Amino acid sequence: MKRRNFSTAICVGFRPGVKDNVGDTSKKALEELLGKNWVETFILQTLLAVWKISRQDTEKIAKELANELIEKSETKTSSEFGEQDLGRLCQRFDHWRRAGEGIDMNLPDRKLIALSKQRLLALTLDEMR
């Protein structure tokens with residue numbers, strides 16, 4: 001989608017490690033339809049272009065659209081895009097799912113609980129162990 005004088009764009013996508021059922025189903029359907037196996041991961045993301053809304057209000061909208069436990073949102077103004085395609089905002093989300101980060105889980109209980117809260121993992125102490 002080419003730039004069309006929008007005010008701000010919002011992209012919402014799953015955080016790393018969150019099961020993307022729609023992306024997985026889409027991949028399987030396309031593989032069956034085209035008779036071709038895809039190595040790439042298919043990721044469901046939502047891209048919204050908004051007009052006549054301030055950056056600040058768009059960021060509020062983005063936070064409401066995303067379930068912060070499992071999704072991440074990002075906003076970018078039209079001028080920040082320049083002449084790039086809108087799709088480039090969501091393409092950057094791909095690194096959220098692929099870039100693995102090692103975490104030392106050999107921590108005391110209180111630090112495991114803190115890690116779960118800090119990372120919005122929503123895991124109990126038993127699950128963290």
# chains A, B, ... in the order shown; residues from 1 in each chain; ligands from 1
>>> select_by_dssp(residues="stretch 23-62 of chain A", states="alpha helix (DSSP H)", output="list in words")
Gly23, Asp24, Thr25, Ser26, Lys27, Lys28, Ala29, Leu30, Glu31, Glu32, Leu33, Leu34, Arg55, Gln56, Asp57, Thr58, Glu59, Lys60, Ile61 and Ala62 of chain A
>>> write_last_selection(atoms="C-alpha atoms", output="compact mmCIF listing (two decimals), in the first residue's frame")
# COMPACT_ATOMS: atom_id res chain seq x y z
CA GLY A 23 -0.99 -17.33 10.43
CA ASP A 24 -0.46 -21.10 10.70
CA THR A 25 -3.84 -21.85 9.09
CA SER A 26 -3.15 -19.37 6.27
CA LYS A 27 0.21 -21.00 5.59
CA LYS A 28 -1.36 -24.49 5.45
CA ALA A 29 -4.18 -23.29 3.18
CA LEU A 30 -1.78 -21.65 0.74
CA GLU A 31 0.48 -24.70 0.73
CA GLU A 32 -2.49 -26.89 -0.13
CA LEU A 33 -3.86 -24.45 -2.72
CA LEU A 34 -0.53 -23.91 -4.48
CA ARG A 55 0.13 11.01 16.81
CA GLN A 56 -0.71 11.11 20.52
CA ASP A 57 -4.31 9.99 19.93
CA THR A 58 -3.14 7.31 17.48
CA GLU A 59 -0.77 5.91 20.12
CA LYS A 60 -3.71 5.72 22.56
CA ILE A 61 -5.72 3.84 19.91
CA ALA A 62 -2.78 1.47 19.29
>>> atom_distance(atom1="atom CA of A:Cys11", atom2="atom CA of A:Trp38")
24.0 Å
>>> residues_around(residues="A:Trp51", least_positions_apart="6", cutoff="12 Å", atoms="only C-alpha atoms", output="ChimeraX atom specification")
/A:3-10,57-58,77-78
>>> write_last_selection(atoms="C-alpha atoms", output="short mmCIF file (atom, residue, chain, number, x, y, z; two decimals), in the first residue's frame")
data_model
loop_
_atom_site.label_atom_id
_atom_site.label_comp_id
_atom_site.auth_asym_id
_atom_site.auth_seq_id
_atom_site.Cartn_x
_atom_site.Cartn_y
_atom_site.Cartn_z
CA ARG A 3 1.54 6.41 1.09
CA ARG A 4 -1.71 8.36 0.59
CA ASN A 5 -1.37 11.38 2.89
CA PHE A 6 -2.46 9.48 5.99
CA SER A 7 -1.70 11.01 9.39
CA THR A 8 -0.40 7.94 11.20
CA ALA A 9 -0.21 4.18 10.69
CA ILE A 10 -0.66 1.54 13.38
CA ASP A 57 -4.31 9.99 19.93
CA THR A 58 -3.14 7.31 17.48
CA THR A 77 3.54 9.16 11.12
CA SER A 78 3.28 9.76 7.40
#
>>> residues_around(residues="A:Arg119", least_positions_apart="3", cutoff="12 Å", atoms="only C-alpha atoms", output="VMD selection string")
chain A and resid 15 to 16 68 to 72 103 111 to 116 122 to 123 128
>>> atom_distance(atom1="atom CA of A:Asp104", atom2="atom CA of A:Leu121")
14.9 Å
>>> atom_distance(atom1="atom CA of A:Glu74", atom2="atom CA of A:Val12")
6.6 Å
>>> select_by_dssp(residues="stretch 1-91 of chain A", states="strand (DSSP E or B)", output="number ranges by chain")
A: 8-14, 45-50, 71-77
>>> write_last_selection(atoms="N, CA and C atoms", output="compact mmCIF listing (two decimals), in the first residue's frame")
# COMPACT_ATOMS: atom_id res chain seq x y z
N THR A 8 -1.21 8.90 10.46
CA THR A 8 -0.40 7.94 11.20
C THR A 8 -0.83 6.53 10.84
N ALA A 9 0.10 5.59 10.90
CA ALA A 9 -0.21 4.18 10.69
C ALA A 9 0.03 3.43 11.99
N ILE A 10 -0.77 2.38 12.20
CA ILE A 10 -0.66 1.54 13.38
C ILE A 10 -0.49 0.10 12.89
N CYS A 11 0.46 -0.60 13.48
CA CYS A 11 0.60 -2.03 13.20
C CYS A 11 0.53 -2.78 14.53
N VAL A 12 -0.27 -3.84 14.57
CA VAL A 12 -0.41 -4.67 15.76
C VAL A 12 -0.07 -6.10 15.35
N GLY A 13 0.80 -6.74 16.13
CA GLY A 13 1.19 -8.11 15.84
C GLY A 13 1.52 -8.87 17.12
N PHE A 14 1.55 -10.18 17.02
CA PHE A 14 1.83 -11.01 18.18
C PHE A 14 3.26 -10.84 18.68
N GLN A 45 -0.82 -9.85 11.09
CA GLN A 45 -0.62 -8.51 11.63
C GLN A 45 -1.75 -7.63 11.11
N THR A 46 -2.09 -6.63 11.88
CA THR A 46 -3.11 -5.68 11.48
C THR A 46 -2.45 -4.34 11.22
N LEU A 47 -2.71 -3.77 10.06
CA LEU A 47 -2.17 -2.47 9.69
C LEU A 47 -3.34 -1.51 9.47
N LEU A 48 -3.32 -0.40 10.19
CA LEU A 48 -4.35 0.62 10.04
C LEU A 48 -3.70 1.94 9.67
N ALA A 49 -4.20 2.60 8.65
CA ALA A 49 -3.77 3.95 8.31
C ALA A 49 -4.89 4.88 8.74
N VAL A 50 -4.55 5.93 9.48
CA VAL A 50 -5.58 6.85 9.98
C VAL A 50 -5.31 8.25 9.46
N GLU A 71 0.36 -9.18 22.39
CA GLU A 71 0.58 -8.41 21.17
C GLU A 71 1.42 -7.16 21.45
N LYS A 72 2.01 -6.66 20.39
CA LYS A 72 2.78 -5.43 20.46
C LYS A 72 2.25 -4.50 19.37
N SER A 73 2.23 -3.20 19.67
CA SER A 73 1.77 -2.24 18.66
C SER A 73 2.86 -1.22 18.40
N GLU A 74 2.80 -0.64 17.22
CA GLU A 74 3.75 0.39 16.83
C GLU A 74 3.03 1.40 15.97
N THR A 75 3.40 2.67 16.11
CA THR A 75 2.81 3.72 15.28
C THR A 75 3.92 4.48 14.57
N LYS A 76 3.57 5.04 13.43
CA LYS A 76 4.54 5.82 12.67
C LYS A 76 3.76 6.86 11.87
N THR A 77 4.23 8.11 11.87
CA THR A 77 3.54 9.16 11.12
C THR A 77 3.88 9.06 9.64
